[in-house]
Protein chains: 2
Amino acid sequence: MIYRLPPLNALRVFEAAARHLSFKEAANELSITQAAVSHQVKSLEEYLGVELFRRSGRGVQLTEAARAALPRLRDGFDALAAAVEQIRERGGETDLAITAPPVFTARWLMPRLADFSRRNPKIEVRVVGSSKMVDAGALDTAVMAGTLDLRDDMSGVEIHLGLGEYPGYRSDRLFGVSMVVVASPELVKNNDLQKPEDLAHHMLLHDDAMDLVAHGNAWQKWLDAAGVADRVDAAHGPHFSSNILSLEAASQKLGVALALRPLVSDDIASGRLVAPFTTEMKPVGAYYLVCPEVIADRPAVATFRKWLLEKAGSSSP
Amino acid sequence: MIYRLPPLNALRVFEAAARHLSFKEAANELSITQAAVSHQVKSLEEYLGVELFRRSGRGVQLTEAARAALPRLRDGFDALAAAVEQIRERGGETDLAITAPPVFTARWLMPRLADFSRRNPKIEVRVVGSSKMVDAGALDTAVMAGTLDLRDDMSGVEIHLGLGEYPGYRSDRLFGVSMVVVASPELVKNNDLQKPEDLAHHMLLHDDAMDLVAHGNAWQKWLDAAGVADRVDAAHGPHFSSNILSLEAASQKLGVALALRPLVSDDIASGRLVAPFTTEMKPVGAYYLVCPEVIADRPAVATFRKWLLEKAGSSSP
DNA sequence: GTCTTGCATAAGAAAAACTCACCGGTTCGC
DNA sequence: GCGAACCGGTGAGTTTTTCTTATGCAAGAC
């Protein structure tokens, strides 16, 4: 993952200016002059080729483009600030830090983690749901060949959805995943949702994470696999930023979502969701437990790995 | 929200160096010299007062502190990159983009959103769960009543947990929140969890988001409010990065969590969770629907606001 | 009109980032 | 062992970026 980022200071200045809706105030907050803010904002606008503020003689207003990006920008700085804070306080006080994709965490890990904690009450756990544990890059051709590696870093253990190619790191395969269509049982009962063609009459729920896994529009790919791409429109429907949200939406009868098997097994077993079709799309990759060799033999890590592999083995497809 | 951040370029260099576990490789990626990387890393270490790499003659190793903070750091840069990308592409093309905290989205918005979509099938929605929509509020900004921005390629509303002071933005109060203790019904039945003191015998589930809302250690504050701070240890127990995860953990009987009322009302009604104590801690703030004045009167936004306020009114405390 | 406020801009000053050249320790091949 | 190849550390000097000062310009307030 190589970041292509604009000058970061300019971003920070822009964020402050946007928050205050005033260059002067922003300058004050940052302990620089108003002129400096003006310069930075201008350079950022030139770099991006996009107007960020609308100057109306006196005062400034955000443009649509700038406004739309602000939440993420704040998210970014928040995360950076948190990371720095963590370093300052020597954060890793817990015995075991687990970083994993949110869906995996909520749907698979959590229901089982209680068991782990019961068996190992002394191991203090820290669970971080990180949206970017999907190896988007791992689906690139270069990496598919197994030549390139990414992510030579990490803290504690991480769970990745990828190919398991992490040179220098111990990686254990948990289980493979496939993509299935899920919907609320009532939706299936009430309307006819027996053949993939019937999807044309339902709302398709999209989510960004799934598109990442599928390396494109996930619905499009699934419909292709099912051979009904020409009869169902994959473009429309609400978008969600995470699989957790789209699954929640599906169970609320908002529409039909894509999910990863076996993560949704529990939902299906409990009747919260059903998988009406047999068509399953095998995306590349599987969930892997990855950790740097240097910490692989720590007691807490070793215990967790052993436990996790056992759990994965007993419920894997 | 004023960010206290180290020199950002140093952070970026550090991230690259950590990823490659090599100053030389990092230098190569960043198109600078190895000496520059060395300098930047050193300055960051001095700024933080924390050793980040352990130099072993040839090659470098991450220290614990550095390793622990990396996932967040990467999350941060990912978010910044995404924000920049979004600005470049002038955002999505949906009719209505809703950015909200993850718990709010999953526990409150989603169950109701189905109704909205049913009533307004033509409005295409994009829901983004953003981890840090909690804020103290931008309090001292100049209010601008400027020229209208007539471009309509993207319209975003946000839901914040804050004070409702957003100059230049239209903000409507949805409902206030209070902090309550929740646990699995079985946990309450099997063990005695009748008085706050009993918490001493249970695992306390911590989450970062709740600490943010409480402006400190949320459990500590709750225990203070309940008057049992001296009898229950607020420090230990597993940590989660989001309220969604800690609630999930609680319902899996891993321990006892803090939650926001009324977000968990549905869980309590359905019996997934119970709130064993009457002590409720009122944290500052409430959920607000916030949107820039310039887009407040667009049909999609106006429709959504009307609907949302109606829903909030009928279920607020 | 005149005053005030807030952003833009140019030119020079200050600060930060980078390079170069060289050092020293470690590893690896012979 | 011994020397070569690597890799990071360091200090001095240079380049680039960022900031300030000073001033200009437009819009709203009185």
# chains A, B, ... in the order shown; residues from 1 in each chain; ligands from 1
>>> closest_atom_pairs(of="chain A", to="chain D", cutoff="7 Å", atoms="only C-alpha atoms (C1' of nucleotides)", output="CSV")
residue,atom,partner,partner_atom,distance
A:Ala36,CA,D:DC19,C1',6.0
A:Gly57,CA,D:DA26,C1',5.2
A:Arg58,CA,D:DA27,C1',6.0
>>> closest_atom_pairs(of="chain C", to="chain B", cutoff="12 Å", atoms="only C-alpha atoms (C1' of nucleotides)", output="tab-separated table")
residue	atom	partner	partner_atom	distance
C:DT5	C1'	B:Ala142	CA	11.7
C:DG6	C1'	B:Ala142	CA	11.1
C:DA16	C1'	B:Pro7	CA	10.0
C:DA17	C1'	B:Ala36	CA	7.6
C:DC18	C1'	B:Ala36	CA	5.9
C:DT19	C1'	B:Thr33	CA	7.3
C:DC20	C1'	B:Ala35	CA	9.6
C:DA21	C1'	B:Ala35	CA	11.2
C:DG24	C1'	B:Gly57	CA	8.9
C:DG25	C1'	B:Gly57	CA	5.3
C:DT26	C1'	B:Gly57	CA	5.5
C:DT27	C1'	B:Arg58	CA	7.9
>>> calpha_fit_and_write(fixed="chain A", moving="chain B", output="short mmCIF file (atom, residue, chain, number, x, y, z; two decimals) with C-alpha atoms, in the first residue's frame")
data_model
loop_
_atom_site.label_atom_id
_atom_site.label_comp_id
_atom_site.auth_asym_id
_atom_site.auth_seq_id
_atom_site.Cartn_x
_atom_site.Cartn_y
_atom_site.Cartn_z
CA MET B 1 -2.65 -1.08 -2.38
CA ILE B 2 -1.08 2.03 -3.79
CA TYR B 3 -2.55 5.23 -2.53
CA ARG B 4 -3.33 7.94 -4.97
CA LEU B 5 -3.43 10.98 -2.76
CA PRO B 6 -3.30 14.71 -3.28
CA PRO B 7 -0.69 16.82 -1.51
CA LEU B 8 -1.42 15.94 2.08
CA ASN B 9 -0.61 19.31 3.54
CA ALA B 10 -3.19 20.88 1.31
CA LEU B 11 -5.70 18.38 2.61
CA ARG B 12 -4.89 19.21 6.17
CA VAL B 13 -5.21 22.92 5.51
CA PHE B 14 -8.49 22.37 3.75
CA GLU B 15 -9.83 20.39 6.67
CA ALA B 16 -8.98 23.17 9.09
CA ALA B 17 -10.46 25.80 6.82
CA ALA B 18 -13.64 23.78 6.44
CA ARG B 19 -13.89 23.26 10.16
CA HIS B 20 -13.59 26.94 10.92
CA LEU B 21 -15.41 28.09 7.83
CA SER B 22 -12.76 30.75 7.82
CA PHE B 23 -9.37 30.92 6.19
CA LYS B 24 -8.15 33.34 8.77
CA GLU B 25 -9.12 31.14 11.70
CA ALA B 26 -7.61 28.13 10.01
CA ALA B 27 -4.42 30.05 9.41
CA ASN B 28 -4.38 30.95 13.05
CA GLU B 29 -4.82 27.35 14.16
CA LEU B 30 -2.07 26.16 11.86
CA SER B 31 0.23 29.01 12.75
CA ILE B 32 0.57 30.22 9.20
CA THR B 33 -0.79 33.24 7.38
CA GLN B 34 -4.16 33.58 5.76
CA ALA B 35 -2.45 33.88 2.39
CA ALA B 36 -0.88 30.46 2.84
CA VAL B 37 -4.28 28.93 3.48
CA SER B 38 -5.70 30.63 0.45
CA HIS B 39 -2.88 29.28 -1.68
CA GLN B 40 -3.19 25.76 -0.38
CA VAL B 41 -6.91 25.62 -0.84
CA LYS B 42 -6.59 26.97 -4.32
CA SER B 43 -3.96 24.44 -5.26
CA LEU B 44 -6.11 21.65 -3.90
CA GLU B 45 -9.06 22.88 -5.89
CA GLU B 46 -6.94 22.96 -9.00
CA TYR B 47 -5.55 19.52 -8.31
CA LEU B 48 -9.00 18.05 -7.84
CA GLY B 49 -10.66 20.13 -10.49
CA VAL B 50 -13.47 20.77 -8.05
CA GLU B 51 -14.54 23.93 -6.30
CA LEU B 52 -14.36 23.42 -2.54
CA PHE B 53 -15.41 26.78 -1.18
CA ARG B 54 -17.80 29.36 -2.44
CA ARG B 55 -16.32 32.78 -1.81
CA SER B 56 -18.82 35.45 -1.05
CA GLY B 57 -16.71 38.51 -0.60
CA ARG B 58 -16.53 38.17 3.12
CA GLY B 59 -16.35 34.67 4.51
CA VAL B 60 -16.54 31.35 2.75
CA GLN B 61 -19.06 28.57 2.40
CA LEU B 62 -18.50 24.92 1.69
CA THR B 63 -19.67 23.50 -1.59
CA GLU B 64 -21.71 20.31 -1.59
CA ALA B 65 -18.84 18.18 -2.78
CA ALA B 66 -16.60 19.42 -0.02
CA ARG B 67 -19.25 19.09 2.64
CA ALA B 68 -20.00 15.54 1.67
CA ALA B 69 -16.41 14.43 1.95
CA LEU B 70 -15.61 16.04 5.27
CA PRO B 71 -16.65 13.29 7.67
CA ARG B 72 -14.37 10.84 5.93
CA LEU B 73 -11.59 13.32 5.79
CA ARG B 74 -11.87 13.85 9.50
CA ASP B 75 -12.06 10.10 10.06
CA GLY B 76 -8.84 9.81 8.13
CA PHE B 77 -6.98 12.37 10.15
CA ASP B 78 -8.38 10.89 13.34
CA ALA B 79 -6.98 7.53 12.39
CA LEU B 80 -3.60 9.00 11.52
CA ALA B 81 -3.49 10.87 14.80
CA ALA B 82 -4.42 7.71 16.64
CA ALA B 83 -1.73 5.77 14.82
CA VAL B 84 0.88 8.34 15.69
CA GLU B 85 -0.27 8.42 19.27
CA GLN B 86 0.00 4.67 19.39
CA ILE B 87 3.56 4.73 18.10
CA ARG B 88 4.44 7.33 20.68
CA GLU B 89 3.07 5.25 23.50
CA ARG B 90 4.48 2.03 22.14
CA GLY B 91 1.05 0.48 21.81
CA GLY B 92 -1.09 -1.25 24.38
CA GLU B 93 -0.02 -3.76 26.91
CA THR B 94 -2.33 -6.57 26.11
CA ASP B 95 -1.04 -10.02 25.36
CA LEU B 96 -2.76 -10.33 22.06
CA ALA B 97 -4.06 -7.63 19.74
CA ILE B 98 -6.32 -8.76 16.95
CA THR B 99 -7.13 -6.42 14.09
CA ALA B 100 -9.84 -7.57 11.74
CA PRO B 101 -12.55 -6.27 9.42
CA PRO B 102 -15.68 -5.27 11.34
CA VAL B 103 -18.04 -7.81 9.77
CA PHE B 104 -15.64 -10.62 10.32
CA THR B 105 -15.23 -9.55 13.90
CA ALA B 106 -18.89 -9.22 14.70
CA ARG B 107 -20.23 -12.17 12.75
CA TRP B 108 -17.53 -14.74 12.96
CA LEU B 109 -14.87 -13.97 15.50
CA MET B 110 -17.00 -12.78 18.39
CA PRO B 111 -19.28 -15.77 18.63
CA ARG B 112 -16.19 -17.95 18.83
CA LEU B 113 -13.93 -15.74 20.86
CA ALA B 114 -15.84 -16.53 24.03
CA ASP B 115 -14.61 -20.07 23.69
CA PHE B 116 -11.04 -18.90 23.29
CA SER B 117 -11.22 -16.73 26.37
CA ARG B 118 -12.71 -19.54 28.38
CA ARG B 119 -9.93 -21.87 27.39
CA ASN B 120 -7.20 -19.26 27.82
CA PRO B 121 -8.38 -16.97 30.57
CA LYS B 122 -4.91 -15.61 31.12
CA ILE B 123 -4.45 -14.21 27.65
CA GLU B 124 -5.74 -10.67 27.59
CA VAL B 125 -7.20 -9.79 24.23
CA ARG B 126 -7.66 -6.53 22.41
CA VAL B 127 -9.95 -6.58 19.41
CA VAL B 128 -9.80 -3.76 16.90
CA GLY B 129 -12.32 -3.54 14.12
CA SER B 130 -10.57 -1.86 11.24
CA SER B 131 -12.58 -0.87 8.25
CA LYS B 132 -10.06 -1.63 5.58
CA MET B 133 -8.35 -4.92 6.13
CA VAL B 134 -9.25 -5.86 2.62
CA ASP B 135 -6.36 -5.77 0.26
CA ALA B 136 -4.90 -7.00 -2.92
CA GLY B 137 -1.87 -8.14 -1.05
CA ALA B 138 1.62 -6.73 -0.94
CA LEU B 139 2.89 -8.86 -3.71
CA ASP B 140 6.45 -7.99 -4.49
CA THR B 141 8.25 -7.50 -1.26
CA ALA B 142 11.60 -8.83 -0.32
CA VAL B 143 11.36 -11.56 2.25
CA MET B 144 13.45 -10.84 5.25
CA ALA B 145 14.78 -13.42 7.58
CA GLY B 146 16.50 -11.06 9.91
CA THR B 147 17.41 -10.77 13.49
CA LEU B 148 14.76 -11.39 16.04
CA ASP B 149 13.12 -8.52 17.74
CA LEU B 150 12.91 -9.60 21.29
CA ARG B 151 10.84 -6.83 22.75
CA ASP B 152 7.45 -8.12 23.71
CA ASP B 153 5.39 -5.16 24.73
CA MET B 154 2.88 -5.62 21.98
CA SER B 155 1.98 -8.39 19.68
CA GLY B 156 -0.47 -7.96 16.91
CA VAL B 157 -2.08 -10.35 14.53
CA GLU B 158 -4.34 -9.25 11.72
CA ILE B 159 -7.05 -10.87 9.73
CA HIS B 160 -7.14 -9.87 6.11
CA LEU B 161 -9.45 -10.55 3.26
CA GLY B 162 -6.96 -10.91 0.46
CA LEU B 163 -4.77 -13.23 -1.49
CA GLY B 164 -2.52 -14.51 1.24
CA GLU B 165 0.65 -13.11 -0.26
CA TYR B 166 2.37 -11.38 2.60
CA PRO B 167 6.12 -11.75 2.34
CA GLY B 168 7.81 -11.50 5.69
CA TYR B 169 4.60 -12.47 7.38
CA ARG B 170 3.25 -15.79 8.31
CA SER B 171 -0.15 -16.15 6.79
CA ASP B 172 -2.58 -18.97 7.34
CA ARG B 173 -5.66 -19.37 5.24
CA LEU B 174 -8.85 -19.46 7.25
CA PHE B 175 -11.52 -19.90 4.61
CA GLY B 176 -12.62 -18.56 1.27
CA VAL B 177 -15.67 -16.41 0.86
CA SER B 178 -18.41 -16.04 -1.65
CA MET B 179 -21.03 -13.40 -2.10
CA VAL B 180 -24.64 -14.23 -1.59
CA VAL B 181 -27.89 -12.32 -1.49
CA VAL B 182 -29.60 -12.19 1.87
CA ALA B 183 -32.89 -10.81 3.08
CA SER B 184 -35.28 -10.99 5.97
CA PRO B 185 -37.27 -14.22 6.01
CA GLU B 186 -40.50 -12.26 6.11
CA LEU B 187 -39.57 -10.37 3.02
CA VAL B 188 -39.05 -13.63 1.20
CA LYS B 189 -42.27 -15.08 2.50
CA ASN B 190 -44.50 -12.12 1.84
CA ASN B 191 -43.29 -11.07 -1.56
CA ASP B 192 -42.04 -13.25 -4.26
CA LEU B 193 -38.29 -13.40 -4.21
CA GLN B 194 -37.66 -16.63 -5.95
CA LYS B 195 -35.75 -15.67 -9.04
CA PRO B 196 -33.01 -13.07 -9.32
CA GLU B 197 -35.31 -11.09 -11.60
CA ASP B 198 -37.56 -10.46 -8.65
CA LEU B 199 -34.88 -8.24 -7.20
CA ALA B 200 -36.19 -5.52 -9.49
CA HIS B 201 -39.08 -5.05 -7.08
CA HIS B 202 -36.91 -4.78 -3.99
CA MET B 203 -34.66 -2.21 -2.46
CA LEU B 204 -31.01 -3.07 -3.00
CA LEU B 205 -28.83 -2.25 -0.01
CA HIS B 206 -25.33 -1.21 -0.98
CA ASP B 207 -22.26 -1.18 1.13
CA ASP B 208 -18.85 0.27 0.56
CA ALA B 209 -16.92 -2.64 2.01
CA MET B 210 -18.59 -5.10 -0.32
CA ASP B 211 -17.81 -2.92 -3.29
CA LEU B 212 -14.21 -3.02 -2.21
CA VAL B 213 -14.20 -6.80 -2.07
CA ALA B 214 -15.83 -7.02 -5.45
CA HIS B 215 -13.51 -4.44 -6.98
CA GLY B 216 -16.40 -2.38 -8.19
CA ASN B 217 -20.13 -2.16 -7.72
CA ALA B 218 -20.85 -5.41 -5.94
CA TRP B 219 -24.49 -5.55 -6.92
CA GLN B 220 -23.62 -4.98 -10.53
CA LYS B 221 -21.21 -7.88 -10.46
CA TRP B 222 -23.60 -10.17 -8.69
CA LEU B 223 -26.39 -9.35 -11.12
CA ASP B 224 -23.99 -10.01 -13.97
CA ALA B 225 -23.13 -13.37 -12.48
CA ALA B 226 -26.79 -14.17 -12.10
CA GLY B 227 -27.41 -13.10 -15.68
CA VAL B 228 -30.05 -10.52 -14.86
CA ALA B 229 -28.00 -7.36 -15.03
CA ASP B 230 -30.25 -5.99 -17.74
CA ARG B 231 -33.42 -6.48 -15.78
CA VAL B 232 -32.43 -5.10 -12.38
CA ASP B 233 -31.10 -1.65 -11.68
CA ALA B 234 -27.95 -1.89 -9.61
CA ALA B 235 -27.49 1.82 -9.11
CA HIS B 236 -30.20 2.80 -6.69
CA GLY B 237 -30.88 2.09 -3.06
CA PRO B 238 -29.43 3.23 0.23
CA HIS B 239 -25.70 3.10 0.87
CA PHE B 240 -24.00 1.94 4.03
CA SER B 241 -20.44 2.35 5.08
CA SER B 242 -20.04 -1.15 6.46
CA ASN B 243 -21.38 -4.60 5.93
CA ILE B 244 -22.55 -4.73 9.52
CA LEU B 245 -24.95 -1.92 8.81
CA SER B 246 -26.29 -3.26 5.55
CA LEU B 247 -26.92 -6.65 7.14
CA GLU B 248 -28.72 -4.98 10.01
CA ALA B 249 -30.78 -3.06 7.49
CA ALA B 250 -31.62 -6.27 5.66
CA SER B 251 -32.77 -8.01 8.81
CA GLN B 252 -34.97 -4.98 9.51
CA LYS B 253 -36.71 -5.62 6.22
CA LEU B 254 -35.37 -2.48 4.64
CA GLY B 255 -34.34 -4.39 1.58
CA VAL B 256 -31.99 -7.01 0.17
CA ALA B 257 -28.28 -7.03 0.92
CA LEU B 258 -25.14 -8.76 -0.21
CA ALA B 259 -23.23 -10.76 2.34
CA LEU B 260 -20.20 -12.94 2.58
CA ARG B 261 -20.52 -16.61 3.12
CA PRO B 262 -19.78 -18.15 5.52
CA LEU B 263 -19.92 -15.06 7.74
CA VAL B 264 -23.69 -15.00 7.68
CA SER B 265 -24.12 -18.70 8.35
CA ASP B 266 -25.11 -18.04 11.93
CA ASP B 267 -27.71 -15.49 10.88
CA ILE B 268 -29.13 -17.89 8.38
CA ALA B 269 -29.14 -20.74 10.87
CA SER B 270 -30.91 -18.63 13.44
CA GLY B 271 -33.46 -17.46 10.91
CA ARG B 272 -32.55 -13.81 11.11
CA LEU B 273 -31.69 -13.84 7.44
CA VAL B 274 -32.25 -16.13 4.51
CA ALA B 275 -30.32 -16.59 1.28
CA PRO B 276 -33.05 -16.97 -1.33
CA PHE B 277 -30.85 -17.68 -4.37
CA THR B 278 -28.31 -20.28 -5.21
CA THR B 279 -26.11 -17.95 -7.26
CA GLU B 280 -22.93 -17.38 -5.34
CA MET B 281 -20.25 -15.08 -6.57
CA LYS B 282 -16.71 -16.08 -5.74
CA PRO B 283 -14.77 -12.93 -5.16
CA VAL B 284 -11.02 -13.10 -5.20
CA GLY B 285 -9.47 -14.02 -1.96
CA ALA B 286 -10.06 -15.54 1.40
CA TYR B 287 -9.66 -14.61 5.00
CA TYR B 288 -6.12 -15.01 6.21
CA LEU B 289 -4.60 -14.80 9.62
CA VAL B 290 -1.51 -12.72 9.13
CA CYS B 291 1.23 -12.03 11.60
CA PRO B 292 4.85 -11.02 11.38
CA GLU B 293 7.24 -13.94 11.58
CA VAL B 294 9.03 -12.42 14.50
CA ILE B 295 6.06 -12.75 16.79
CA ALA B 296 4.57 -15.87 15.27
CA ASP B 297 6.03 -18.12 17.90
CA ARG B 298 5.09 -16.24 21.00
CA PRO B 299 2.88 -18.33 23.21
CA ALA B 300 -0.18 -16.10 23.02
CA VAL B 301 0.05 -15.84 19.25
CA ALA B 302 0.75 -19.51 18.69
CA THR B 303 -2.13 -20.49 20.94
CA PHE B 304 -4.46 -18.15 19.16
CA ARG B 305 -3.43 -19.36 15.73
CA LYS B 306 -3.90 -22.97 16.65
CA TRP B 307 -7.31 -22.23 18.09
CA LEU B 308 -8.36 -20.06 15.18
CA LEU B 309 -7.34 -22.57 12.53
CA GLU B 310 -9.20 -25.26 14.36
CA LYS B 311 -12.33 -23.12 14.45
CA ALA B 312 -11.96 -22.11 10.83
CA GLY B 313 -11.50 -25.69 9.76
CA SER B 314 -14.61 -26.91 11.50
CA SER B 315 -16.88 -24.32 9.96
CA SER B 316 -15.37 -23.57 6.60
CA PRO B 317 -17.06 -24.35 3.33
#
>>> select_by_dssp(residues="range 87-314 of chain B", states="strand (DSSP E or B)", output="PyMOL selection string")
chain B and resi 96-100+125-129+134+156-162+169-176+178-183+204-207+239-240+256-261+274+281+286-292
